[in-house]
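Q: My structure is in run_16.cif, and what it holds is mmCIF, C-alpha atoms:
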```cif
data_coords
loop_
_atom_site.label_atom_id
_atom_site.label_comp_id
_atom_site.auth_asym_id
_atom_site.auth_seq_id
_atom_site.Cartn_x
_atom_site.Cartn_y
_atom_site.Cartn_z
CA MET D 1 16.22 5.32 7.27
CA THR D 2 15.77 1.59 7.89
CA ALA D 3 18.65 -0.87 8.18
CA LYS D 4 17.66 -2.24 4.76
CA GLY D 5 17.78 1.25 3.29
CA ARG D 6 21.20 1.90 4.79
CA GLY D 7 22.41 -1.41 3.38
CA THR D 8 21.18 -0.51 -0.09
CA ARG D 9 22.87 2.89 0.08
CA ALA D 10 26.17 1.34 1.20
CA ALA D 11 25.98 -1.23 -1.60
CA HIS D 12 25.19 1.56 -4.06
CA GLU D 13 28.24 3.55 -2.99
CA ALA D 14 30.45 0.47 -3.41
CA LEU D 15 29.45 -0.01 -7.07
CA PRO D 16 31.67 1.11 -9.96
CA GLU D 17 30.92 4.65 -11.09
CA ALA D 18 29.19 3.66 -14.34
CA MET D 19 26.81 1.39 -12.45
CA ARG D 20 26.08 4.03 -9.80
CA GLU D 21 25.24 6.55 -12.48
CA ALA D 22 22.96 4.05 -14.22
CA VAL D 23 21.08 3.33 -10.97
CA ASP D 24 20.61 7.05 -10.30
CA ALA D 25 19.40 7.73 -13.85
CA PHE D 26 16.99 4.78 -13.62
CA ALA D 27 15.59 6.11 -10.34
CA GLY D 28 15.11 9.51 -11.96
CA HIS D 29 13.27 7.88 -14.87
CA LEU D 30 10.94 6.02 -12.50
CA SER D 31 10.17 9.22 -10.61
CA GLY D 32 10.03 11.82 -13.34
CA VAL D 33 8.75 9.84 -16.32
CA ARG D 34 6.94 6.81 -14.92
CA ASN D 35 5.61 8.75 -11.90
CA ARG D 36 6.18 5.82 -9.56
CA SER D 37 5.73 6.16 -5.80
CA ALA D 38 8.73 6.50 -3.50
CA HIS D 39 8.03 3.00 -2.14
CA THR D 40 8.09 1.47 -5.63
CA ILE D 41 11.26 3.36 -6.55
CA ARG D 42 13.04 2.14 -3.41
CA ALA D 43 12.10 -1.46 -4.26
CA TYR D 44 13.28 -1.20 -7.88
CA VAL D 45 16.52 0.54 -6.90
CA ALA D 46 17.27 -2.03 -4.20
CA ASP D 47 16.76 -4.84 -6.72
CA VAL D 48 19.00 -3.23 -9.36
CA VAL D 49 21.70 -2.49 -6.79
CA SER D 50 21.53 -6.13 -5.71
CA LEU D 51 21.86 -7.20 -9.36
CA PHE D 52 24.86 -4.93 -9.96
CA THR D 53 26.53 -6.09 -6.73
CA HIS D 54 26.25 -9.68 -7.95
CA ALA D 55 27.45 -8.66 -11.41
CA THR D 56 30.60 -7.04 -10.00
CA ARG D 57 31.44 -10.32 -8.28
CA MET D 58 31.30 -11.89 -11.73
CA GLY D 59 33.73 -9.33 -13.14
CA CYS D 60 31.30 -6.75 -14.56
CA THR D 61 32.17 -3.07 -14.20
CA ARG D 62 29.49 -1.31 -16.30
CA PRO D 63 25.89 -1.91 -17.30
CA ALA D 64 26.93 -2.98 -20.81
CA ASP D 65 28.61 -6.05 -19.25
CA LEU D 66 25.26 -7.50 -18.19
CA ASP D 67 23.99 -10.54 -20.06
CA LEU D 68 21.38 -13.24 -19.54
CA THR D 69 23.88 -15.50 -17.78
CA VAL D 70 24.55 -12.87 -15.13
CA LEU D 71 20.83 -12.27 -14.63
CA ARG D 72 20.04 -15.96 -14.26
CA SER D 73 22.98 -16.43 -11.90
CA TRP D 74 21.70 -13.55 -9.76
CA LEU D 75 18.20 -15.06 -9.48
CA ALA D 76 19.64 -18.51 -8.80
CA ARG D 77 21.68 -17.10 -5.92
CA GLN D 78 18.54 -15.45 -4.51
CA ARG D 79 16.76 -18.79 -4.69
CA THR D 80 19.52 -20.66 -2.87
CA THR D 81 19.52 -18.07 -0.07
CA GLY D 82 15.82 -18.71 0.58
CA ALA D 83 14.09 -15.87 -1.27
CA ALA D 84 10.35 -16.44 -1.56
CA ARG D 85 8.75 -17.08 -4.93
CA ALA D 86 7.00 -13.71 -4.82
CA THR D 87 10.33 -12.00 -4.12
CA LEU D 88 11.98 -13.73 -7.06
CA THR D 89 9.10 -12.74 -9.32
CA ARG D 90 9.39 -9.11 -8.27
CA ARG D 91 13.18 -9.03 -8.71
CA ALA D 92 12.94 -10.57 -12.15
CA ALA D 93 10.37 -7.91 -13.05
CA SER D 94 12.73 -5.22 -11.74
CA ALA D 95 15.53 -6.59 -13.90
CA ARG D 96 13.32 -6.62 -17.00
CA THR D 97 12.17 -3.05 -16.37
CA PHE D 98 15.73 -1.84 -15.89
CA SER D 99 17.01 -3.74 -18.94
CA ALA D 100 14.30 -2.32 -21.20
CA TRP D 101 15.03 1.21 -19.98
CA ALA D 102 18.80 0.75 -20.30
CA HIS D 103 18.39 -0.53 -23.87
CA ARG D 104 16.26 2.47 -24.82
CA SER D 105 18.80 4.78 -23.14
CA GLY D 106 21.75 3.28 -25.03
CA LEU D 107 23.39 1.70 -21.97
CA LEU D 108 22.72 -1.81 -23.32
CA SER D 109 23.07 -2.86 -26.96
CA THR D 110 20.16 -5.29 -26.53
CA ASP D 111 17.38 -5.83 -24.02
CA VAL D 112 19.23 -8.64 -22.28
CA ALA D 113 16.48 -9.37 -19.73
CA ALA D 114 13.64 -9.73 -22.25
CA PRO D 115 13.87 -13.55 -22.29
CA LEU D 116 14.27 -13.73 -18.49
CA THR D 117 11.57 -15.87 -16.91
CA SER D 118 10.55 -16.04 -13.29
CA PRO D 119 8.40 -18.36 -11.21
CA ARG D 120 4.73 -17.49 -11.12
CA ALA D 121 3.94 -15.95 -7.77
CA GLN D 122 1.60 -17.98 -5.59
CA ARG D 123 -1.48 -15.90 -4.85
CA GLU D 124 -2.66 -16.59 -1.33
CA LEU D 125 -6.25 -15.85 -0.49
CA PRO D 126 -6.40 -12.64 1.53
CA THR D 127 -7.56 -12.62 5.14
CA VAL D 128 -10.97 -10.96 5.38
CA LEU D 129 -13.38 -10.16 8.17
CA ARG D 130 -17.01 -11.20 8.16
CA PRO D 131 -19.42 -8.28 7.71
CA GLU D 132 -20.36 -8.28 11.39
CA GLN D 133 -16.68 -8.32 12.38
CA ALA D 134 -15.95 -5.38 10.09
CA ALA D 135 -18.86 -3.48 11.68
CA THR D 136 -17.46 -4.21 15.14
CA LEU D 137 -14.05 -2.91 14.12
CA VAL D 138 -15.17 0.37 12.56
CA GLU D 139 -17.36 1.04 15.59
CA ALA D 140 -14.59 0.18 18.06
CA ALA D 141 -13.25 3.74 18.08
CA SER D 142 -16.55 4.93 19.56
CA ALA D 143 -15.98 2.99 22.77
CA THR D 144 -15.26 5.13 25.83
CA SER D 145 -12.09 3.26 26.69
CA GLY D 146 -9.71 2.38 23.94
CA PRO D 147 -6.80 0.03 23.36
CA PRO D 148 -3.20 0.96 24.01
CA GLY D 149 -1.86 2.55 20.87
CA ALA D 150 -5.28 3.38 19.44
CA THR D 151 -4.58 6.95 20.33
CA ALA D 152 -1.34 6.95 18.41
CA ARG D 153 -0.83 10.54 17.37
CA THR D 154 1.41 11.01 14.47
CA GLY D 155 2.16 13.69 11.96
CA GLY D 156 3.98 12.55 8.90
CA SER D 157 4.45 12.97 5.22
CA ALA D 158 2.44 10.29 3.48
CA ARG D 159 2.42 11.38 -0.13
CA THR D 160 4.85 10.39 -2.79
CA GLY D 161 5.08 10.61 -6.55
CA ALA D 162 2.41 12.78 -8.15
CA THR D 163 0.55 13.31 -4.88
CA ALA D 164 3.60 14.59 -3.01
CA ALA D 165 3.13 18.01 -4.51
CA ARG D 166 -0.34 18.22 -2.96
CA THR D 167 0.65 18.17 0.72
CA GLY D 168 -0.34 21.77 1.10
CA GLY D 169 2.39 22.59 3.56
CA ALA D 170 2.06 19.64 5.92
CA GLY D 171 5.52 19.18 7.34
CA PRO D 172 7.08 15.74 7.55
CA ASP D 173 7.37 14.15 10.98
CA ALA D 174 8.87 10.80 11.88
CA PRO D 175 6.25 8.28 13.06
CA SER D 176 5.83 8.39 16.82
CA VAL D 177 3.28 7.29 19.39
CA GLU D 178 2.09 9.66 22.11
CA PRO D 179 0.06 8.47 25.11
CA ALA D 180 -3.49 9.71 25.52
CA VAL D 181 -3.93 12.47 28.04
CA GLY D 182 -6.89 12.16 30.38
CA PRO D 183 -9.97 9.95 30.03
CA GLU D 184 -11.10 9.12 26.51
CA THR D 185 -14.65 9.77 25.32
CA GLU D 186 -16.42 9.86 21.99
CA ASP D 187 -15.58 13.58 21.91
CA ASP D 188 -11.85 12.89 22.10
CA PRO D 189 -10.38 14.27 18.84
CA VAL D 190 -7.97 11.36 18.40
CA ARG D 191 -10.82 8.90 18.83
CA GLN D 192 -12.85 10.84 16.26
CA ARG D 193 -9.86 10.67 13.92
CA ASP D 194 -9.55 6.93 14.46
CA ARG D 195 -13.25 6.41 13.76
CA ALA D 196 -13.03 8.46 10.57
CA LEU D 197 -9.98 6.46 9.46
CA LEU D 198 -11.60 3.08 10.13
CA GLU D 199 -14.89 4.03 8.48
CA LEU D 200 -13.10 5.48 5.46
CA LEU D 201 -10.85 2.46 4.95
CA TYR D 202 -13.73 -0.02 5.06
CA ALA D 203 -16.30 2.12 3.24
CA THR D 204 -14.06 2.91 0.27
CA GLY D 205 -11.53 0.06 0.19
CA VAL D 206 -8.73 2.55 -0.46
CA ARG D 207 -5.11 1.73 0.29
CA VAL D 208 -3.74 3.08 3.58
CA SER D 209 -1.32 5.36 1.72
CA GLU D 210 -4.24 6.71 -0.31
CA ALA D 211 -6.30 7.39 2.82
CA CYS D 212 -3.42 9.16 4.54
CA GLY D 213 -2.76 11.12 1.36
CA LEU D 214 -6.25 12.60 1.13
CA ASP D 215 -6.68 16.38 1.26
CA LEU D 216 -9.72 18.25 2.51
CA SER D 217 -10.53 19.21 -1.07
CA ASP D 218 -10.63 15.52 -2.05
CA VAL D 219 -13.80 14.96 0.01
CA ASP D 220 -17.12 15.86 -1.63
CA GLN D 221 -19.56 15.62 1.27
CA ALA D 222 -22.54 16.64 -0.84
CA ARG D 223 -22.10 13.68 -3.21
CA ARG D 224 -20.44 11.42 -0.58
CA VAL D 225 -17.40 10.64 -2.73
CA VAL D 226 -13.64 11.00 -2.30
CA ARG D 227 -11.10 11.74 -5.00
CA VAL D 228 -8.21 9.29 -4.69
CA PHE D 229 -4.79 9.39 -6.33
CA GLY D 230 -3.55 5.82 -6.59
CA LYS D 231 -0.56 4.04 -8.03
CA GLY D 232 1.12 5.92 -10.83
CA GLY D 233 -0.84 9.04 -9.92
CA ARG D 234 -4.03 7.58 -11.42
CA GLU D 235 -7.10 9.45 -10.22
CA ARG D 236 -10.40 7.80 -9.37
CA THR D 237 -13.58 8.75 -7.53
CA VAL D 238 -14.85 6.42 -4.81
CA PRO D 239 -18.21 6.67 -3.01
CA TYR D 240 -18.76 6.12 0.70
CA GLY D 241 -21.86 5.48 2.81
CA VAL D 242 -23.81 7.21 5.55
CA PRO D 243 -21.82 5.81 8.53
CA ALA D 244 -18.58 7.05 7.00
CA GLN D 245 -20.24 10.39 6.28
CA ARG D 246 -21.19 10.76 9.95
CA ALA D 247 -17.69 9.85 11.11
CA LEU D 248 -16.09 12.29 8.68
CA ASP D 249 -18.54 15.03 9.66
CA ASP D 250 -17.71 14.57 13.37
CA TRP D 251 -14.00 14.62 12.60
CA LEU D 252 -14.13 17.67 10.37
CA ARG D 253 -16.43 19.64 12.68
CA HIS D 254 -14.87 18.80 16.04
CA GLY D 255 -11.83 16.53 15.94
CA ARG D 256 -9.65 18.04 13.24
CA PRO D 257 -9.96 21.65 14.44
CA ALA D 258 -8.71 20.51 17.85
CA LEU D 259 -5.58 18.86 16.40
CA ALA D 260 -4.83 20.98 13.33
CA THR D 261 -1.95 23.46 13.29
CA PRO D 262 -0.62 25.72 10.54
CA ARG D 263 1.60 22.84 9.44
CA SER D 264 -1.43 20.62 8.80
CA GLY D 265 -1.95 22.20 5.42
CA GLU D 266 -4.79 20.53 3.52
CA ALA D 267 -4.29 17.07 5.08
CA LEU D 268 -7.61 15.39 5.86
CA LEU D 269 -6.22 13.12 8.60
CA VAL D 270 -3.71 14.62 11.01
CA GLY D 271 -1.89 13.65 14.17
CA ALA D 272 -1.54 15.46 17.50
CA ARG D 273 1.47 17.43 16.27
CA GLY D 274 -0.48 18.66 13.30
CA GLY D 275 1.29 16.81 10.50
CA ARG D 276 -0.32 14.46 8.02
CA LEU D 277 -1.16 11.06 9.52
CA ASN D 278 1.54 8.55 8.64
CA PRO D 279 0.57 5.15 7.10
CA THR D 280 2.68 3.33 9.71
CA THR D 281 0.64 4.85 12.52
CA ALA D 282 -2.59 4.19 10.64
CA ARG D 283 -1.66 0.50 10.59
CA GLN D 284 -1.01 0.62 14.33
CA ILE D 285 -4.40 2.21 14.93
CA VAL D 286 -6.25 -0.46 12.94
CA GLY D 287 -4.35 -3.30 14.61
CA ALA D 288 -4.84 -1.92 18.12
CA HIS D 289 -8.59 -1.48 17.70
CA ALA D 290 -8.94 -4.97 16.22
CA GLU D 291 -7.03 -6.49 19.11
CA ALA D 292 -9.09 -4.58 21.68
CA ALA D 293 -12.31 -5.74 20.02
CA GLY D 294 -11.17 -9.38 20.12
CA LEU D 295 -11.05 -9.67 16.35
CA PRO D 296 -8.56 -11.55 14.16
CA ARG D 297 -5.35 -9.71 13.44
CA ILE D 298 -6.12 -7.29 10.63
CA SER D 299 -4.38 -4.49 8.77
CA PRO D 300 -5.68 -1.63 6.64
CA HIS D 301 -5.04 -3.82 3.62
CA GLY D 302 -7.16 -6.50 5.27
CA LEU D 303 -9.99 -3.98 5.49
CA ARG D 304 -9.50 -3.31 1.78
CA HIS D 305 -9.76 -7.06 1.12
CA SER D 306 -12.86 -7.23 3.31
CA ALA D 307 -14.57 -4.34 1.54
CA ALA D 308 -13.95 -5.91 -1.88
CA THR D 309 -15.16 -9.34 -0.78
CA HIS D 310 -18.32 -7.97 0.83
CA LEU D 311 -19.10 -5.93 -2.29
CA LEU D 312 -18.86 -9.04 -4.48
CA GLU D 313 -20.84 -11.14 -2.03
CA GLY D 314 -23.51 -8.44 -2.11
CA GLY D 315 -23.82 -8.71 -5.88
CA ALA D 316 -21.49 -5.94 -7.09
CA ASP D 317 -20.15 -6.25 -10.63
CA LEU D 318 -16.50 -7.34 -10.83
CA ARG D 319 -15.64 -4.46 -13.16
CA ALA D 320 -17.17 -1.96 -10.75
CA VAL D 321 -15.10 -3.36 -7.88
CA GLN D 322 -12.00 -3.17 -10.06
CA GLU D 323 -12.66 0.52 -10.66
CA LEU D 324 -13.36 1.22 -6.99
CA LEU D 325 -10.13 -0.46 -5.89
CA GLY D 326 -8.04 1.19 -8.60
CA HIS D 327 -6.76 -2.09 -10.05
CA SER D 328 -5.20 -1.68 -13.48
CA SER D 329 -5.88 -5.34 -14.26
CA LEU D 330 -9.06 -7.32 -13.71
CA ALA D 331 -6.89 -10.28 -12.69
CA SER D 332 -5.98 -8.45 -9.48
CA THR D 333 -9.67 -8.13 -8.60
CA GLN D 334 -10.62 -11.70 -9.48
CA ILE D 335 -8.86 -13.07 -6.40
CA TYR D 336 -11.81 -11.81 -4.35
CA THR D 337 -14.15 -14.07 -6.29
CA HIS D 338 -12.06 -16.99 -5.00
CA VAL D 339 -12.55 -15.75 -1.44
CA SER D 340 -16.32 -15.75 -1.92
CA VAL D 341 -16.24 -19.26 -3.43
CA GLU D 342 -14.14 -20.56 -0.53
CA ARG D 343 -16.66 -19.14 1.94
CA LEU D 344 -19.46 -20.82 0.01
CA ARG D 345 -17.61 -24.14 0.11
CA ALA D 346 -17.00 -23.80 3.85
CA ALA D 347 -20.69 -23.12 4.46
CA TYR D 348 -21.62 -26.08 2.27
CA ARG D 349 -19.27 -28.45 4.11
CA GLN D 350 -20.67 -27.29 7.44
CA ALA D 351 -24.36 -27.40 6.58
CA HIS D 352 -24.98 -29.99 3.88
CA PRO D 353 -25.65 -33.54 5.16
CA ARG D 354 -23.78 -35.11 2.24
CA ALA D 355 -20.89 -32.64 2.13
#
```
Output the file's structure as structure tokens, nothing else.

A:
Amino acid sequence: MTAKGRGTRAAHEALPEAMREAVDAFAGHLSGVRNRSAHTIRAYVADVVSLFTHATRMGCTRPADLDLTVLRSWLARQRTTGAARATLTRRAASARTFSAWAHRSGLLSTDVAAPLTSPRAQRELPTVLRPEQAATLVEAASATSGPPGATARTGGSARTGATAARTGGAGPDAPSVEPAVGPETEDDPVRQRDRALLELLYATGVRVSEACGLDLSDVDQARRVVRVFGKGGRERTVPYGVPAQRALDDWLRHGRPALATPRSGEALLVGARGGRLNPTTARQIVGAHAEAAGLPRISPHGLRHSAATHLLEGGADLRAVQELLGHSSLASTQIYTHVSVERLRAAYRQAHPRA
């Protein structure tokens, strides 16, 4: 458990009993009814615990004591302590979600947070690689000598929410990094795993948690598609290309059998100890290969941004990209059109004599 998680738990235990019970019931609702991921639940719970902690300082002892004044005071305190605009937006959304649930559950006589407003989050343009840089990165794992940390070997439980039940027996391991043993070649199973991971992330644009959560049965090699379970357990089918097919074929034929153990279950990507590859280690792998290749600092999410931008620049329909990425709202996908426009402007300023 992280220091932040321990702090949230301690704050939770210090709350009055009625508030603790409300937090626990709300977490159960998010998990059992809303089917939210463990990461989302932790964020919502931390925000509600923070709200209740502030409310107790104002004399509240039960959820029914909450009102709009308390909520606004809580957000104002966050602002004065330096919380970013995006953080304030998320916390206000957490408060509104909790208030609506508490009203429906009879804990609040009215939905006190319904009129609560929050600053509009500033949407920064994502960092993306150029197509040739992305190609360099996904091919980096084929080099005969790799970067420190690229051979991170981790088994871990990556699935949460609806997909957690599909781990097929893969036991949870804490993220850890093991040094490579002996010289590395293209036949090294960890290197084959890294190549499959990099190709899959860029070819499909899936989230790192989605990639680590894939099972063997989710890959349809005949049709070159993967079945992905995204946020809220929503299922979608995403195609991938020939380079990713080759990398997956090498991994499944040679790499995975060398690393798999009975505890691997149905996990597509595994670590040296046989457990499901952990998203934290996947991020380390991507970052280490990018650094070794002399590329800008990039994360799996940066590869997702890059895939979306390159699709749009290549003429893909915005709605099709939305479906591929698993965005529930088209507004989330439209940010990539801004990336393409900014690149066009940069090229214009550089090349046009009257720019």

Q: Can you give me, as a PyMOL selection string, the residues this file yields under the PyMOL selection byres ((chain D and resi 204-207) around 10)?

A: chain D and resi 199-203+208-213+225-226+228-231+237-241+244+279+300-308+311+321+324-326

Q: Nearest to D:Ala140 among D:Glu17, D:Glu313, D:Asp218, D:Glu291, with distances taken over all atoms listed in the file: which residue is it?

A: D:Glu291

Q: Could you check how far atom CA of D:Arg72 sits from atom CA of D:Pro16, in Å to one decimal?

A: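 Those two atoms sit 21.1 Å apart.
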
Q: Point out the residue among D:Ala22, D:Leu137, D:Ala272, D:Ala83 with the least atom-to-atom distance to D:Ser99, counting only C-alpha atoms.

A: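 When distances to D:Ser99 are compared using only C-alpha atoms, the smallest one comes from D:Ala22.
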
Q: Between atom CA of D:Ile41 and atom CA of D:Asp111, what is the spacing in Å?

A: 20.7 Å

Q: By how many Å are atom CA of D:Leu269 and atom CA of D:His254 apart?

A: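 The value is 12.7 Å.
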
Q: Using the chain letters and residue numbers of this document, give as a ChimeraX atom specification the residues selected by the PyMOL selection byres ((chain D and resi 75) around 9).

A: /D:51,70-74,76-80,88,91-92,118

Q: With distances taken over only C-alpha atoms, which of D:Arg227, D:Arg319, D:Ala135, D:Pro189 is nearest to D:Pro243?

A: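 Closest candidate: D:Ala135.
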
Q: From the list D:Leu116, D:Leu197, D:Ala292, D:Val23, which residue is nearest D:Val138 when using only C-alpha atoms?

A: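 Looking only at the distances to D:Val138, the closest residue turns out to be D:Leu197.
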
Q: For the structure provided, state which residues fall under the PyMOL selection byres ((chain D and resi 53) around 10), and present them as a ChimeraX atom specification.

A: /D:11-12,14-16,19,47-52,54-58,60-61,74

Q: Near D:Ala293, counting only C-alpha atoms, which residues have an atom at most 10 Å away, once you skip same-chain residues fewer than 2 positions from it, shown as an mmCIF file with C-alpha atoms, keeping the file's coordinate frame?

A:
```cif
data_model
loop_
_atom_site.group_PDB
_atom_site.id
_atom_site.type_symbol
_atom_site.label_atom_id
_atom_site.label_comp_id
_atom_site.auth_asym_id
_atom_site.auth_seq_id
_atom_site.Cartn_x
_atom_site.Cartn_y
_atom_site.Cartn_z
ATOM 1 C CA GLN D 133 -16.680 -8.320 12.380
ATOM 2 C CA THR D 136 -17.460 -4.210 15.140
ATOM 3 C CA LEU D 137 -14.050 -2.910 14.120
ATOM 4 C CA GLU D 139 -17.360 1.040 15.590
ATOM 5 C CA ALA D 140 -14.590 0.180 18.060
ATOM 6 C CA ALA D 141 -13.250 3.740 18.080
ATOM 7 C CA ALA D 143 -15.980 2.990 22.770
ATOM 8 C CA GLY D 146 -9.710 2.380 23.940
ATOM 9 C CA PRO D 147 -6.800 0.030 23.360
ATOM 10 C CA GLY D 287 -4.350 -3.300 14.610
ATOM 11 C CA ALA D 288 -4.840 -1.920 18.120
ATOM 12 C CA HIS D 289 -8.590 -1.480 17.700
ATOM 13 C CA ALA D 290 -8.940 -4.970 16.220
ATOM 14 C CA GLU D 291 -7.030 -6.490 19.110
ATOM 15 C CA LEU D 295 -11.050 -9.670 16.350
ATOM 16 C CA PRO D 296 -8.560 -11.550 14.160
#
```

Q: Compare D:Asp65, D:Ser264, D:Ala25, D:Ala134 by their minimum atom-to-atom distance to D:Val286, counting only C-alpha atoms, and give me the closest one.

A: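 Going through D:Asp65, D:Ser264, D:Ala25, D:Ala134 one by one, the smallest distance to D:Val286 is for D:Ala134.
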
Q: Do you know which residues are at most 10 Å from D:Arg36 counting all atoms listed in the file, after dropping those on the same chain fewer than 3 positions away, and could you put them as a PyMOL selection string?

A: chain D and resi 27-33+39-42+160-162+231-233

Q: Between D:Arg246, D:Arg96, D:Arg234, D:Arg34, which has the minimum distance to D:Leu68 (counting only C-alpha atoms)?

A: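 Residue with the minimum atom-to-atom distance to D:Leu68: D:Arg96.
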
Q: With N, CA, C and O atoms as the target, complete stretch 95-113 of chain D and hand it back as a CSV table (one decimal), in the frame of the given file.

A:
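Saved the output as selection28.csv:
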```csv
chain,number,residue,atom,x,y,z
D,95,ALA,N,14.4,-6.4,-12.9
D,95,ALA,CA,15.5,-6.6,-13.9
D,95,ALA,C,15.0,-6.3,-15.3
D,95,ALA,O,15.7,-5.7,-16.1
D,96,ARG,N,13.9,-6.8,-15.6
D,96,ARG,CA,13.3,-6.6,-17.0
D,96,ARG,C,13.0,-5.1,-17.2
D,96,ARG,O,13.3,-4.6,-18.3
D,97,THR,N,12.5,-4.5,-16.2
D,97,THR,CA,12.2,-3.0,-16.4
D,97,THR,C,13.4,-2.2,-16.6
D,97,THR,O,13.5,-1.4,-17.4
D,98,PHE,N,14.5,-2.6,-15.8
D,98,PHE,CA,15.7,-1.8,-15.9
D,98,PHE,C,16.4,-2.1,-17.2
D,98,PHE,O,16.9,-1.2,-17.9
D,99,SER,N,16.4,-3.4,-17.7
D,99,SER,CA,17.0,-3.7,-18.9
D,99,SER,C,16.3,-3.0,-20.1
D,99,SER,O,17.0,-2.5,-21.0
D,100,ALA,N,15.0,-3.0,-20.1
D,100,ALA,CA,14.3,-2.3,-21.2
D,100,ALA,C,14.6,-0.8,-21.2
D,100,ALA,O,14.9,-0.3,-22.3
D,101,TRP,N,14.7,-0.2,-20.0
D,101,TRP,CA,15.0,1.2,-20.0
D,101,TRP,C,16.5,1.4,-20.4
D,101,TRP,O,16.8,2.4,-21.2
D,102,ALA,N,17.4,0.6,-20.0
D,102,ALA,CA,18.8,0.8,-20.3
D,102,ALA,C,19.0,0.6,-21.8
D,102,ALA,O,19.9,1.3,-22.4
D,103,HIS,N,18.3,-0.3,-22.4
D,103,HIS,CA,18.4,-0.5,-23.9
D,103,HIS,C,17.9,0.7,-24.6
D,103,HIS,O,18.6,1.2,-25.5
D,104,ARG,N,16.8,1.3,-24.2
D,104,ARG,CA,16.3,2.5,-24.8
D,104,ARG,C,17.2,3.7,-24.6
D,104,ARG,O,17.3,4.5,-25.5
D,105,SER,N,17.9,3.7,-23.5
D,105,SER,CA,18.8,4.8,-23.1
D,105,SER,C,20.2,4.6,-23.7
D,105,SER,O,21.0,5.5,-23.6
D,106,GLY,N,20.5,3.5,-24.4
D,106,GLY,CA,21.8,3.3,-25.0
D,106,GLY,C,22.8,2.7,-24.1
D,106,GLY,O,24.0,2.6,-24.5
D,107,LEU,N,22.4,2.3,-22.9
D,107,LEU,CA,23.4,1.7,-22.0
D,107,LEU,C,23.6,0.2,-22.3
D,107,LEU,O,24.6,-0.4,-21.9
D,108,LEU,N,22.6,-0.4,-22.9
D,108,LEU,CA,22.7,-1.8,-23.3
D,108,LEU,C,22.5,-1.9,-24.8
D,108,LEU,O,21.6,-1.2,-25.3
D,109,SER,N,23.3,-2.7,-25.5
D,109,SER,CA,23.1,-2.9,-27.0
D,109,SER,C,21.8,-3.6,-27.3
D,109,SER,O,21.2,-3.5,-28.3
D,110,THR,N,21.4,-4.5,-26.4
D,110,THR,CA,20.2,-5.3,-26.5
D,110,THR,C,19.4,-5.3,-25.2
D,110,THR,O,20.0,-5.1,-24.1
D,111,ASP,N,18.2,-5.7,-25.2
D,111,ASP,CA,17.4,-5.8,-24.0
D,111,ASP,C,17.7,-7.2,-23.5
D,111,ASP,O,16.9,-8.2,-23.7
D,112,VAL,N,18.7,-7.3,-22.7
D,112,VAL,CA,19.2,-8.6,-22.3
D,112,VAL,C,18.3,-9.4,-21.4
D,112,VAL,O,18.3,-10.6,-21.3
D,113,ALA,N,17.4,-8.7,-20.7
D,113,ALA,CA,16.5,-9.4,-19.7
D,113,ALA,C,15.1,-9.8,-20.3
D,113,ALA,O,14.3,-10.4,-19.7
```
